[in-house]
Amino acid sequence: MKTSLLLVAIATIICVSATPATATLGGWSKINNITDPHIQELGKWGVMEFNKVGNDNLTFQKVVSGEEQTVHGINYRLVIDAQRLDGSHVTYMEGLFEEDSSNPNTRKLTSFNPAN
């Protein structure tokens, strides 16, 4: 009995110490490397999806900040800079879910609203 409790305690310590400090399962955390090509691609993808249903015909410029939440996949809240047809810039808050980063077909745009 004592041996099995000791093994459980050791396994718990190993599991906790092996989890990166930045990984907050279920909690939102800041995306530190906002220039990461994958993050920028997600921002661009969200604008293209929005253009399919909206009438704004926005042009993606860049992701300027964002947060991520690890669940069964990753939820993203990205603040993006986009350009309108008249050349003016506008900032949007884009929400999206990505189940598998290696498969773009698992992405879903969950929200797209002006950030101001």
# chains A, B, ... in the order shown; residues from 1 in each chain; ligands from 1
$ residues_around --residues "A:Gly66" --least-positions-apart "3" --cutoff "12 Å" --atoms "only C-alpha atoms" --output "PyMOL selection string"
chain A and resi 28-36+39-40+42-43+62-63+69+75-81+92-96
$ residues_around --residues "A:Lys108" --least-positions-apart "2" --cutoff "7 Å" --atoms "only C-alpha atoms" --output "VMD selection string"
chain A and resid 96 to 98 106 110
$ write_last_selection --atoms "N, CA and C atoms" --output "PDB file, in the first residue's frame"
ATOM      1  N   LEU A  96     -11.043  32.236 -33.386  1.00  0.00           N
ATOM      2  CA  LEU A  96     -11.058  31.019 -34.192  1.00  0.00           C
ATOM      3  C   LEU A  96     -10.608  29.823 -33.372  1.00  0.00           C
ATOM      4  N   PHE A  97     -11.031  28.676 -33.825  1.00  0.00           N
ATOM      5  CA  PHE A  97     -10.672  27.415 -33.187  1.00  0.00           C
ATOM      6  C   PHE A  97      -9.930  26.574 -34.204  1.00  0.00           C
ATOM      7  N   GLU A  98      -8.852  25.958 -33.759  1.00  0.00           N
ATOM      8  CA  GLU A  98      -8.076  25.057 -34.624  1.00  0.00           C
ATOM      9  C   GLU A  98      -7.846  23.761 -33.859  1.00  0.00           C
ATOM     10  N   THR A 106      -9.484  21.807 -40.121  1.00  0.00           N
ATOM     11  CA  THR A 106     -10.034  21.714 -38.767  1.00  0.00           C
ATOM     12  C   THR A 106     -10.243  23.093 -38.145  1.00  0.00           C
ATOM     13  N   THR A 110     -14.904  31.653 -35.257  1.00  0.00           N
ATOM     14  CA  THR A 110     -15.975  31.716 -34.253  1.00  0.00           C
ATOM     15  C   THR A 110     -16.488  33.139 -34.043  1.00  0.00           C
TER      16      THR A 110
END
$ closest_residue --among "A:Pro114, A:Gly54, A:Pro104, A:Gly26" --to "A:His72" --atoms "only C-alpha atoms"
A:Gly26
$ atom_distance --atom1 "atom CA of A:Thr91" --atom2 "atom CA of A:Trp45"
15.5 Å
$ residues_around --residues "A:Phe50" --least-positions-apart "4" --cutoff "10 Å" --atoms "only C-alpha atoms" --output "PyMOL selection string"
chain A and resi 44-46+54-58+94+109+111-113
$ write_last_selection --atoms "N, CA, C and O atoms" --output "PDB file, in the first residue's frame"
ATOM      1  N   LYS A  44      -4.656  35.756 -41.434  1.00  0.00           N
ATOM      2  CA  LYS A  44      -5.002  35.909 -42.852  1.00  0.00           C
ATOM      3  C   LYS A  44      -6.181  35.007 -43.223  1.00  0.00           C
ATOM      4  O   LYS A  44      -7.102  35.423 -43.927  1.00  0.00           O
ATOM      5  N   TRP A  45      -6.147  33.777 -42.738  1.00  0.00           N
ATOM      6  CA  TRP A  45      -7.221  32.825 -43.015  1.00  0.00           C
ATOM      7  C   TRP A  45      -8.553  33.362 -42.492  1.00  0.00           C
ATOM      8  O   TRP A  45      -9.576  33.287 -43.175  1.00  0.00           O
ATOM      9  N   GLY A  46      -8.532  33.935 -41.281  1.00  0.00           N
ATOM     10  CA  GLY A  46      -9.759  34.473 -40.702  1.00  0.00           C
ATOM     11  C   GLY A  46     -10.349  35.602 -41.531  1.00  0.00           C
ATOM     12  O   GLY A  46     -11.570  35.683 -41.704  1.00  0.00           O
ATOM     13  N   GLY A  54     -19.022  38.413 -45.431  1.00  0.00           N
ATOM     14  CA  GLY A  54     -19.193  39.856 -45.247  1.00  0.00           C
ATOM     15  C   GLY A  54     -19.050  40.593 -46.554  1.00  0.00           C
ATOM     16  O   GLY A  54     -18.656  40.039 -47.582  1.00  0.00           O
ATOM     17  N   ASN A  55     -19.376  41.859 -46.551  1.00  0.00           N
ATOM     18  CA  ASN A  55     -19.279  42.665 -47.760  1.00  0.00           C
ATOM     19  C   ASN A  55     -18.136  43.671 -47.689  1.00  0.00           C
ATOM     20  O   ASN A  55     -18.089  44.610 -48.482  1.00  0.00           O
ATOM     21  N   ASP A  56     -17.238  43.504 -46.748  1.00  0.00           N
ATOM     22  CA  ASP A  56     -16.186  44.496 -46.539  1.00  0.00           C
ATOM     23  C   ASP A  56     -14.990  44.334 -47.467  1.00  0.00           C
ATOM     24  O   ASP A  56     -14.253  45.281 -47.690  1.00  0.00           O
ATOM     25  N   ASN A  57     -14.771  43.145 -47.997  1.00  0.00           N
ATOM     26  CA  ASN A  57     -13.609  42.871 -48.848  1.00  0.00           C
ATOM     27  C   ASN A  57     -12.324  43.405 -48.220  1.00  0.00           C
ATOM     28  O   ASN A  57     -11.613  44.210 -48.802  1.00  0.00           O
ATOM     29  N   LEU A  58     -12.056  42.950 -47.011  1.00  0.00           N
ATOM     30  CA  LEU A  58     -10.868  43.385 -46.282  1.00  0.00           C
ATOM     31  C   LEU A  58      -9.618  42.710 -46.827  1.00  0.00           C
ATOM     32  O   LEU A  58      -9.673  41.587 -47.324  1.00  0.00           O
ATOM     33  N   GLU A  94     -10.532  38.768 -33.904  1.00  0.00           N
ATOM     34  CA  GLU A  94     -10.891  37.547 -34.622  1.00  0.00           C
ATOM     35  C   GLU A  94     -10.824  36.373 -33.647  1.00  0.00           C
ATOM     36  O   GLU A  94      -9.819  36.197 -32.968  1.00  0.00           O
ATOM     37  N   LEU A 109     -13.885  29.723 -37.866  1.00  0.00           N
ATOM     38  CA  LEU A 109     -13.972  31.109 -37.447  1.00  0.00           C
ATOM     39  C   LEU A 109     -15.160  31.221 -36.496  1.00  0.00           C
ATOM     40  O   LEU A 109     -16.282  30.921 -36.860  1.00  0.00           O
ATOM     41  N   SER A 111     -15.689  34.147 -34.356  1.00  0.00           N
ATOM     42  CA  SER A 111     -16.140  35.535 -34.243  1.00  0.00           C
ATOM     43  C   SER A 111     -15.218  36.435 -35.072  1.00  0.00           C
ATOM     44  O   SER A 111     -14.065  36.095 -35.333  1.00  0.00           O
ATOM     45  N   PHE A 112     -15.766  37.565 -35.467  1.00  0.00           N
ATOM     46  CA  PHE A 112     -14.984  38.551 -36.234  1.00  0.00           C
ATOM     47  C   PHE A 112     -15.695  39.890 -36.058  1.00  0.00           C
ATOM     48  O   PHE A 112     -16.734  40.143 -36.669  1.00  0.00           O
ATOM     49  N   ASN A 113     -15.133  40.730 -35.188  1.00  0.00           N
ATOM     50  CA  ASN A 113     -15.795  41.983 -34.836  1.00  0.00           C
ATOM     51  C   ASN A 113     -14.788  43.126 -34.787  1.00  0.00           C
ATOM     52  O   ASN A 113     -13.619  42.902 -34.472  1.00  0.00           O
TER      53      ASN A 113
END
$ closest_residue --among "A:Asn116, A:Ala82, A:Ile74, A:Arg107" --to "A:Glu49" --atoms "only C-alpha atoms"
A:Arg107
